[in-house]
Amino acid sequence: MEIQKIKSPGELEELRKKIISARDSLKPCITLCSGTACNAARSALVAEAISKELEKQGLKEKVDFRRTGCHGFCEKGPVIVIFPEGICYLKVKPDDVPEMIRTTFVEKKILKRLLYKDPVTGEQIVHEADIPFYKYQKRLVFGLNTKIDPLSIEDYIAVGGYMALSKALFKMKPEEIIEEVKRSGLRGRGGAGFPTGRKWEATRKAEGNPKYVVVNCDEGDPGAYMDRSLMEGNPFQVLEGLVIGAFSIGARYGYIYVREEYPLAVDNVTHAISEASRLGFLGENILGSGFDFDVHVHRGAGAFVCGEETALLRCLEGKAGEPVPRPPYPSVRGLWGKPTNINNVETWANVPLIIRDGAESFASIGTDNSKGTKIFSLVGKVNNTGLVEVPMGITLRDVVFKIGGGIPKGKKFKAVQTGGPSGGCIPERYLDMPVDFEELGSVGSMMGSGGMIVLDEETCMVDFARYFLSFLSDESCGKCTPCREGVGQMLGILTRITMGKGREDDIEKLEELARVVATASLCALGRTAPNPVLSTLQYFRDEYTAHIKEKRCPAGVCKSLIAFYIDPAKCGGCMLCVKKCPAGAIIGERKKAHRIVQEKCTKCGTCLDVCPEKFGAVIKVSGKREIEDIISGVSKEAGVNI
Amino acid sequence: MDKIPINIDGKEVKVKPGKTLLEASKLAGVKIPTLCYHELLKPFGACRLCMVEIEDSSGGRKLVASCVHPVIEPVKVLTRSLQVDLIRKVVLELMMTNAPDSPKIQELAKEYGAVRGRFETKSTFCVHCGLCVRYCEEVKGKNAIGFVERGMRKEISFVPEIALKECLNCKECFPLCPTSYLQTSFVLTQSLNLRF
């Protein structure tokens with residue numbers, strides 16, 4: 001359909017009608033997730049196969065095919081949902097396509113082997129909406145991802161796109177928009193949770209011209225990809241929110257700061273900007289309202305600290321990405337010294353919903369102080385990893401067990417880490433806590449931008465804290481002393497503890513450093529960096545003392561503190577471990593008990609994994625005393641020296 | 001604009017809005033330790049020795065770096081408190097992991113009870129105050145020296161092409177360095193010249 005520039009709200013509604021009427025809502029449509037995770041699982045080849053097969057089976061006119069952004073269920077990708085019924089096929093391989101198309105569209109049946117199978121009951125589920133992973137979610141912001149092609153502005157208009165923009169420009173005054181956002185209770189989704197409406201108001205009231213609005217898409221948390229998937233899957237919604245914000249704030253220019261590591265996000269948002277400009281949703285005289293607004297994409301060179309707003313602004317100015325002290329806040333003196341409003345991708349994407357459906361509708365979801373929904377990237381030791389959007393106030397237990405499907409391999413839950421690398425670990429006793437900004441803060445963690453890492457009993461909490469501190473010390477910009485030196489010293493102490501060289505006063509030193517780093521650092525990276533240490537010290541202190549005093553790693557993770565032994569009484573002499581040991585550290589003959597040469601052992605645990613269940617001869621031990629005990633015990637029984 | 005009343009350790013002063021708390025403290029005659037601060041340079045806020053505790057009219061307390069924190073409203077400033085002293089002590093101990101023999105750091109360490117060797121020592125003598133880098137940029141406009149890398153690997157480094165042309169007759173940054181790292185770094189840069 002050839003579309004001309006839209007010059008009024010009336011023309012927009014006419015166009016919407018035209019697009020919708022040209023489409024048959026009952027016509028089957030295959031949507032294939034083409035987000036980054038599914039792409040990695042060869043979604044592109046599946047797409048090729050679908051196009052070819054539709055042609056081959058003569059279904060090209062009868063079945064629509066749409067490649068969409070991320071659906072969220074990355075664990076089971078590539079994901080296909082067939083509308084209008086909502087049939088969901090998972091882990092679809094290119095070879096599955098001919099059969100899938102024939103069964104579904106020619107025979108009008110369901111291809112059962114591609115359906116979701118409940119890991120506990122074995123029951124197969126046909127429809128996307130009935131799968132527990134989706135059933136307990138509330139996909140307000142993320143939901144459109146499954147319905148639109150991120151390269152098609154027509155798709156976005158068809159599902160109600162730019163309704164909010166038209167309402168904001170023609171039916172509301174800038175102050176009314178800000179009031180609406182304030183009443184909705186929307187808080188920044190990037191980490192700190194500052195009330196969005198208040199931020200906008202401050203920028204609107206600040207003196208200086210021009211004013212700027214910025215989208216922060218410098219998502220740097222390891223394992224988090226909410227913003228990436230939104231930007232890849234539905235850039236139009238982010239842009240619509242941005243234009244509404246710019247209008248209410250009085251900004252003439254906008255910047256989208258997106259990581260260079262997100263090539264698909266860069267491509268899709270760049271394309272969306274050119275499409276939106278062509279149709280009159282960006283540029284001069286937007287929709288005939290007289291409001292002018294242009295937006296540029298800036299590709300970030302990739303540093304965690306550049307997600308910090310003042311560092312991000314310095315990058316936009318072409319300087320090194322180092323934070324500068326606040327106040328003055330960017331709303332007063334931001335980009336090139338002018339009032340600037342920065343919000344995270346997800347925050348901007350929420351704006352059209354608030355304006356279109358009203359503040360009350362948005363505020364009806366959530367808790368007293370945290371409204372709406374939040375997208376989390378649920379990863380780690382959980383069955384259903386992926387992106388989940390849940391109403392604020394849902395319990396952690398529901399997220400981990402109902403949506404996440406619990407812990408794999410029947411292992412026990414230990415903790416969930418929220419808030420990205422500088423978040424805290426929340427132990428089992430708080431699983432029934434509602435997810436909201438204040439509640440997470442009250443137990444020593446934070447909302448952050450929405451990372452959620454599930455840990456099972458086989459995770460060593462000291463090692464876990466060490467991992468995040470090594471990330472943070474690496475990503476520190478190095479400007480202020482507490483963050484550069486303090487985090488580095490904390491990392492050094494943690495590394496020593498995991499290597500069995502912990503000292504009696506280490507915990508005290510860690511706590512003292514944490515107190516100073518948390519209060520004296522220049523920016524939020526440093527001020528939150530001690531969280532992983534403080535929260536694990538609070539809830540798992542016994543693991544620290546076990547490492548320091550007994551030289552024992554209770555989870556059996558820290559290599560310097562564990563040893564593997566083969567119990568000669570149990571060993572069946574099958575030679576399996578001898579063959580599989582990558583270090584060649586196991587000696588033995590068939591039908592005779594094998595032995596691990598400790599000096600050669602790299603503690604990879606392969607022997608433990610491969611030892612047949614009927615023998616169960618490989619034992620992992622930890623702790624100085626335990627290791628000595630087992631040596632003497634094993635050697636006594638076997639009558640050999642180990 | 002009207003001057004704003006600030007109470008520093010019990011002493012009242014009136015300060016123009018936008019001035020920093022450190023400048024206000026000078027008016028009040030109260031001494032706050034600094035390291036990366038220099039009158040000729042823009043405040044940097046990096047060493048964190050000048051942290052003070054402030055209390056606003058609603059009783060909210062927070063810790064801020066006085067060299068960069070602007071006077072915007074009447075506040076009560078405490079230049080010494082348990083937390084402020086702890087920060088200064090630990091920050092000094094962290095600096096001593098790099099530059100244990102710097103006279104300036106030793107003097108402050110004595111005052112705040114900072115103990116040398118509490119934390120693992122490191123093999124660089126730079127405390128990253130940035131005085132040399134900023135002086136060269138802001139006062140001389142030469143940019144002969146800059147920061148390279150980030151985080152724990154961050155260092156100062158002369159740009160040989162500029163340094164070998166500009167520095168021999170200047171060396172104005174040398175006395176600013178609180179350790180002796182700057183001079184060492186320059187000697188190293190000079191030795192590059194021999195290789196060219």
# chains A, B, ... in the order shown; residues from 1 in each chain; ligands from 1
>>> residues_around(residues="Thr347 (chain A)", least_positions_apart="2", cutoff="8 Å", atoms="only C-alpha atoms", output="PyMOL selection string")
chain A and resi 186-190+196+343-345+349-351
>>> write_last_selection(atoms="all heavy atoms", output="PDB file, in the first residue's frame")
ATOM      1  N   LEU A 186       4.017   6.091  36.827  1.00  0.00           N
ATOM      2  CA  LEU A 186       5.136   5.465  36.097  1.00  0.00           C
ATOM      3  C   LEU A 186       6.472   5.902  36.699  1.00  0.00           C
ATOM      4  O   LEU A 186       6.709   7.079  36.911  1.00  0.00           O
ATOM      5  CB  LEU A 186       5.070   5.848  34.610  1.00  0.00           C
ATOM      6  CG  LEU A 186       6.223   5.358  33.721  1.00  0.00           C
ATOM      7  CD1 LEU A 186       6.219   3.836  33.605  1.00  0.00           C
ATOM      8  CD2 LEU A 186       6.156   5.989  32.336  1.00  0.00           C
ATOM      9  N   ARG A 187       7.310   4.913  36.959  1.00  0.00           N
ATOM     10  CA  ARG A 187       8.666   5.198  37.456  1.00  0.00           C
ATOM     11  C   ARG A 187       9.687   4.630  36.484  1.00  0.00           C
ATOM     12  O   ARG A 187       9.428   3.645  35.811  1.00  0.00           O
ATOM     13  CB  ARG A 187       8.854   4.572  38.843  1.00  0.00           C
ATOM     14  CG  ARG A 187       7.974   5.250  39.883  1.00  0.00           C
ATOM     15  CD  ARG A 187       7.967   4.512  41.191  1.00  0.00           C
ATOM     16  NE  ARG A 187       9.261   4.555  41.858  1.00  0.00           N
ATOM     17  CZ  ARG A 187       9.449   4.062  43.089  1.00  0.00           C
ATOM     18  NH1 ARG A 187       8.460   3.503  43.760  1.00  0.00           N
ATOM     19  NH2 ARG A 187      10.632   4.139  43.646  1.00  0.00           N
ATOM     20  N   GLY A 188      10.846   5.281  36.433  1.00  0.00           N
ATOM     21  CA  GLY A 188      11.881   4.911  35.469  1.00  0.00           C
ATOM     22  C   GLY A 188      12.219   3.431  35.529  1.00  0.00           C
ATOM     23  O   GLY A 188      12.439   2.878  36.604  1.00  0.00           O
ATOM     24  N   ARG A 189      12.264   2.801  34.360  1.00  0.00           N
ATOM     25  CA  ARG A 189      12.523   1.366  34.300  1.00  0.00           C
ATOM     26  C   ARG A 189      14.011   1.054  34.166  1.00  0.00           C
ATOM     27  O   ARG A 189      14.383  -0.107  34.013  1.00  0.00           O
ATOM     28  CB  ARG A 189      11.779   0.754  33.116  1.00  0.00           C
ATOM     29  CG  ARG A 189      10.255   0.909  33.157  1.00  0.00           C
ATOM     30  CD  ARG A 189       9.680   0.236  34.385  1.00  0.00           C
ATOM     31  NE  ARG A 189       8.238   0.047  34.291  1.00  0.00           N
ATOM     32  CZ  ARG A 189       7.361   0.502  35.180  1.00  0.00           C
ATOM     33  NH1 ARG A 189       7.775   1.200  36.227  1.00  0.00           N
ATOM     34  NH2 ARG A 189       6.084   0.245  35.049  1.00  0.00           N
ATOM     35  N   GLY A 190      14.844   2.083  34.185  1.00  0.00           N
ATOM     36  CA  GLY A 190      16.273   1.860  33.950  1.00  0.00           C
ATOM     37  C   GLY A 190      17.026   1.429  35.192  1.00  0.00           C
ATOM     38  O   GLY A 190      18.124   0.914  35.099  1.00  0.00           O
ATOM     39  N   THR A 196       8.691   9.285  36.553  1.00  0.00           N
ATOM     40  CA  THR A 196       8.914   9.821  35.209  1.00  0.00           C
ATOM     41  C   THR A 196       8.284  11.204  35.019  1.00  0.00           C
ATOM     42  O   THR A 196       8.912  12.111  34.465  1.00  0.00           O
ATOM     43  CB  THR A 196       8.357   8.835  34.164  1.00  0.00           C
ATOM     44  OG1 THR A 196       8.933   7.548  34.433  1.00  0.00           O
ATOM     45  CG2 THR A 196       8.681   9.258  32.749  1.00  0.00           C
ATOM     46  N   ASN A 343      15.301   8.888  29.531  1.00  0.00           N
ATOM     47  CA  ASN A 343      14.570   7.755  30.076  1.00  0.00           C
ATOM     48  C   ASN A 343      15.014   6.493  29.370  1.00  0.00           C
ATOM     49  O   ASN A 343      15.480   6.525  28.241  1.00  0.00           O
ATOM     50  CB  ASN A 343      13.057   7.925  29.900  1.00  0.00           C
ATOM     51  CG  ASN A 343      12.453   8.886  30.913  1.00  0.00           C
ATOM     52  OD1 ASN A 343      11.848   9.879  30.559  1.00  0.00           O
ATOM     53  ND2 ASN A 343      12.641   8.601  32.184  1.00  0.00           N
ATOM     54  N   ASN A 344      14.800   5.404  30.067  1.00  0.00           N
ATOM     55  CA  ASN A 344      15.142   4.099  29.540  1.00  0.00           C
ATOM     56  C   ASN A 344      14.129   3.664  28.468  1.00  0.00           C
ATOM     57  O   ASN A 344      13.006   4.159  28.428  1.00  0.00           O
ATOM     58  CB  ASN A 344      15.154   3.166  30.764  1.00  0.00           C
ATOM     59  CG  ASN A 344      14.966   1.746  30.427  1.00  0.00           C
ATOM     60  OD1 ASN A 344      13.848   1.262  30.327  1.00  0.00           O
ATOM     61  ND2 ASN A 344      16.060   1.071  30.236  1.00  0.00           N
ATOM     62  N   VAL A 345      14.524   2.751  27.597  1.00  0.00           N
ATOM     63  CA  VAL A 345      13.672   2.252  26.495  1.00  0.00           C
ATOM     64  C   VAL A 345      12.284   1.826  26.993  1.00  0.00           C
ATOM     65  O   VAL A 345      11.252   2.229  26.450  1.00  0.00           O
ATOM     66  CB  VAL A 345      14.343   1.030  25.824  1.00  0.00           C
ATOM     67  CG1 VAL A 345      13.422   0.391  24.796  1.00  0.00           C
ATOM     68  CG2 VAL A 345      15.649   1.429  25.173  1.00  0.00           C
ATOM     69  N   ALA A 349       8.512   3.225  26.215  1.00  0.00           N
ATOM     70  CA  ALA A 349       7.530   2.345  25.579  1.00  0.00           C
ATOM     71  C   ALA A 349       6.225   2.293  26.367  1.00  0.00           C
ATOM     72  O   ALA A 349       5.178   1.947  25.831  1.00  0.00           O
ATOM     73  CB  ALA A 349       8.114   0.945  25.413  1.00  0.00           C
ATOM     74  N   ASN A 350       6.279   2.609  27.658  1.00  0.00           N
ATOM     75  CA  ASN A 350       5.065   2.619  28.482  1.00  0.00           C
ATOM     76  C   ASN A 350       4.198   3.851  28.224  1.00  0.00           C
ATOM     77  O   ASN A 350       3.002   3.827  28.479  1.00  0.00           O
ATOM     78  CB  ASN A 350       5.442   2.598  29.975  1.00  0.00           C
ATOM     79  CG  ASN A 350       5.494   1.194  30.532  1.00  0.00           C
ATOM     80  OD1 ASN A 350       4.467   0.534  30.640  1.00  0.00           O
ATOM     81  ND2 ASN A 350       6.686   0.731  30.857  1.00  0.00           N
ATOM     82  N   VAL A 351       4.835   4.918  27.736  1.00  0.00           N
ATOM     83  CA  VAL A 351       4.128   6.197  27.621  1.00  0.00           C
ATOM     84  C   VAL A 351       2.893   6.146  26.709  1.00  0.00           C
ATOM     85  O   VAL A 351       1.815   6.592  27.108  1.00  0.00           O
ATOM     86  CB  VAL A 351       5.119   7.311  27.187  1.00  0.00           C
ATOM     87  CG1 VAL A 351       4.379   8.590  26.853  1.00  0.00           C
ATOM     88  CG2 VAL A 351       6.149   7.544  28.285  1.00  0.00           C
TER      89      VAL A 351
END
>>> interface_residues(of="chain A", to="chain B", cutoff="7 Å", atoms="only C-alpha atoms", output="MDAnalysis selection string")
chainID A and resid 325 327 473:482 484:486 488:489 516 519:520
>>> residues_around(residues="region 329-337 of chain A", least_positions_apart="5", cutoff="12 Å", atoms="only C-alpha atoms", output="MDAnalysis selection string")
(chainID A and resid 196 198:214 249 251 253:255 308:319 323:324 342:343) or (chainID B and resid 69:70)
>>> write_last_selection(atoms="N, CA and C atoms", output="short mmCIF file (atom, residue, chain, number, x, y, z; two decimals), in the first residue's frame")
data_model
loop_
_atom_site.label_atom_id
_atom_site.label_comp_id
_atom_site.auth_asym_id
_atom_site.auth_seq_id
_atom_site.Cartn_x
_atom_site.Cartn_y
_atom_site.Cartn_z
N THR A 196 8.69 9.28 36.55
CA THR A 196 8.91 9.82 35.21
C THR A 196 8.28 11.20 35.02
N ARG A 198 7.68 13.51 37.15
CA ARG A 198 8.42 14.58 37.84
C ARG A 198 9.68 14.97 37.10
N LYS A 199 10.32 13.98 36.49
CA LYS A 199 11.52 14.23 35.70
C LYS A 199 11.15 15.12 34.51
N TRP A 200 10.07 14.78 33.84
CA TRP A 200 9.63 15.56 32.67
C TRP A 200 9.31 16.99 33.08
N GLU A 201 8.64 17.10 34.20
CA GLU A 201 8.23 18.43 34.67
C GLU A 201 9.46 19.30 34.93
N ALA A 202 10.47 18.69 35.57
CA ALA A 202 11.68 19.45 35.88
C ALA A 202 12.35 19.93 34.59
N THR A 203 12.39 19.08 33.58
CA THR A 203 13.01 19.47 32.32
C THR A 203 12.18 20.54 31.62
N ARG A 204 10.86 20.39 31.68
CA ARG A 204 9.99 21.38 31.04
C ARG A 204 10.21 22.76 31.68
N LYS A 205 10.31 22.76 33.03
CA LYS A 205 10.42 24.04 33.75
C LYS A 205 11.81 24.66 33.68
N ALA A 206 12.82 23.84 33.35
CA ALA A 206 14.20 24.34 33.35
C ALA A 206 14.38 25.38 32.24
N GLU A 207 15.27 26.35 32.52
CA GLU A 207 15.53 27.37 31.51
C GLU A 207 16.62 26.90 30.55
N GLY A 208 16.49 27.26 29.30
CA GLY A 208 17.49 26.88 28.30
C GLY A 208 16.83 26.35 27.04
N ASN A 209 17.50 26.58 25.93
CA ASN A 209 16.99 26.15 24.65
C ASN A 209 18.12 25.79 23.71
N PRO A 210 18.01 24.79 22.86
CA PRO A 210 16.90 23.85 22.80
C PRO A 210 16.95 22.85 23.96
N LYS A 211 15.88 22.11 24.13
CA LYS A 211 15.86 21.02 25.10
C LYS A 211 15.97 19.71 24.36
N TYR A 212 16.48 18.70 25.06
CA TYR A 212 16.69 17.40 24.42
C TYR A 212 15.96 16.29 25.18
N VAL A 213 15.58 15.26 24.44
CA VAL A 213 15.12 14.02 25.08
C VAL A 213 16.00 12.89 24.56
N VAL A 214 16.29 11.94 25.45
CA VAL A 214 17.21 10.87 25.10
C VAL A 214 16.62 9.52 25.49
N ILE A 249 7.56 18.11 27.05
CA ILE A 249 8.71 18.77 27.67
C ILE A 249 9.09 20.04 26.91
N ALA A 251 10.86 19.70 23.83
CA ALA A 251 12.16 19.38 23.26
C ALA A 251 12.07 19.38 21.74
N TYR A 253 14.85 18.20 19.82
CA TYR A 253 15.66 17.10 19.29
C TYR A 253 15.72 15.93 20.26
N GLY A 254 15.85 14.77 19.67
CA GLY A 254 15.98 13.57 20.49
C GLY A 254 17.15 12.72 20.04
N TYR A 255 17.71 11.98 20.99
CA TYR A 255 18.79 11.04 20.66
C TYR A 255 18.43 9.66 21.16
N GLU A 308 24.89 5.02 32.78
CA GLU A 308 24.70 6.07 33.79
C GLU A 308 24.44 7.36 33.02
N GLU A 309 23.40 8.10 33.40
CA GLU A 309 22.94 9.17 32.51
C GLU A 309 23.98 10.24 32.22
N THR A 310 24.76 10.64 33.22
CA THR A 310 25.71 11.72 32.95
C THR A 310 26.86 11.23 32.05
N ALA A 311 27.24 9.96 32.22
CA ALA A 311 28.29 9.39 31.36
C ALA A 311 27.78 9.26 29.94
N LEU A 312 26.50 8.87 29.82
CA LEU A 312 25.88 8.72 28.51
C LEU A 312 25.86 10.05 27.76
N LEU A 313 25.52 11.12 28.49
CA LEU A 313 25.47 12.43 27.85
C LEU A 313 26.86 12.87 27.38
N ARG A 314 27.86 12.54 28.18
CA ARG A 314 29.23 12.91 27.76
C ARG A 314 29.61 12.18 26.48
N CYS A 315 29.16 10.92 26.36
CA CYS A 315 29.43 10.17 25.13
C CYS A 315 28.75 10.83 23.94
N LEU A 316 27.50 11.29 24.14
CA LEU A 316 26.79 11.95 23.04
C LEU A 316 27.54 13.21 22.61
N GLU A 317 28.22 13.84 23.57
CA GLU A 317 28.99 15.04 23.25
C GLU A 317 30.33 14.70 22.61
N GLY A 318 30.62 13.41 22.51
CA GLY A 318 31.87 12.99 21.90
C GLY A 318 33.03 12.91 22.86
N LYS A 319 32.73 12.92 24.18
CA LYS A 319 33.81 12.82 25.17
C LYS A 319 33.86 11.41 25.73
N PRO A 323 31.16 9.48 34.31
CA PRO A 323 30.08 10.24 34.96
C PRO A 323 30.60 11.57 35.49
N VAL A 324 29.71 12.54 35.56
CA VAL A 324 30.04 13.80 36.22
C VAL A 324 29.09 13.97 37.40
N ILE A 342 16.38 12.14 30.12
CA ILE A 342 16.77 10.80 29.69
C ILE A 342 15.84 9.79 30.33
N ASN A 343 15.30 8.89 29.53
CA ASN A 343 14.57 7.76 30.08
C ASN A 343 15.01 6.49 29.37
N HIS B 69 29.81 20.02 44.98
CA HIS B 69 28.40 20.17 45.34
C HIS B 69 28.02 21.66 45.42
N PRO B 70 27.08 22.08 44.55
CA PRO B 70 26.75 23.50 44.53
C PRO B 70 25.81 23.90 45.67
#
>>> select_by_dssp(residues="region 60-179 of chain B", states="strand (DSSP E)", output="list in words")
Arg61, Lys62, Leu63, Val64, Ala65, Lys76, Val77, Leu78, Ile145, Gly146, Phe147, Val148, Glu155, Ile156, Ser157 and Phe158 of chain B
>>> select_by_dssp(residues="region 260-492 of chain A", states="helix (DSSP H, G or I)", output="PyMOL selection string")
chain A and resi 263-279+286-288+304-307+309-316+335-337+345-357+359-363+396-403+408-410+420-422+428-430+437-442+461-475+481-492
>>> closest_residue(among="B:Ala109, B:Ile8, B:Val133, B:Leu164", to="Leu27 (chain B)", atoms="only C-alpha atoms")
B:Ile8
>>> residues_around(residues="Gly616 (chain A)", least_positions_apart="6", cutoff="12 Å", atoms="only C-alpha atoms", output="list in words")
Tyr565, Ile566, Asp567, Pro568, Ala569, Lys570, Cys571, Gly572, Gly573, Cys574, Cys577, Cys607, Leu608, Asp609 and Val610 of chain A
>>> residues_around(residues="Val297 (chain A)", least_positions_apart="6", cutoff="10 Å", atoms="only C-alpha atoms", output="compact mmCIF listing (two decimals) with C-alpha atoms, in the first residue's frame")
# COMPACT_ATOMS: atom_id res chain seq x y z
CA VAL A 214 17.21 10.87 25.10
CA VAL A 215 16.43 7.15 24.94
CA GLY A 254 15.98 13.57 20.49
CA TYR A 255 18.79 11.04 20.66
CA ILE A 256 18.63 7.30 20.80
CA TYR A 257 21.74 5.95 22.46
CA VAL A 258 21.98 2.31 21.51
CA VAL A 266 20.27 -0.20 15.47
CA ASP A 267 18.92 -1.33 12.09
CA VAL A 269 15.17 1.73 15.01
CA THR A 270 16.94 3.48 12.14
CA ILE A 273 12.78 6.57 12.19
>>> closest_residue(among="A:Val379, A:Met100, A:Val46, A:Ile178", to="Pro222 (chain A)", atoms="only C-alpha atoms")
A:Val379
>>> residues_around(residues="Cys177 (chain B)", least_positions_apart="5", cutoff="12 Å", atoms="only C-alpha atoms", output="list in words")
Leu35, Cys36, Tyr37, His38, Ala99, Ser102, Pro103, Lys104, Ile105, Phe125, Cys126, Val127, His128, Cys129, Gly130, Leu131, Cys132, Val133, Arg134, Tyr135, Ile156, Lys171, Glu172, Leu182, Gln183, Thr184 and Ser185 of chain B
>>> residues_around(residues="region 140-153 of chain A", least_positions_apart="6", cutoff="6 Å", atoms="only C-alpha atoms", output="PyMOL selection string")
chain A and resi 67-69+71+233-234
>>> closest_residue(among="A:Val435, A:Leu32, A:Ala583, A:Cys611", to="Ile394 (chain A)", atoms="only C-alpha atoms")
A:Val435
>>> atom_distance(atom1="CA of Ser66 (chain B)", atom2="CA of Thr20 (chain B)")
6.5 Å
>>> atom_distance(atom1="CA of Ser229 (chain A)", atom2="CA of Cys70 (chain A)")
5.8 Å
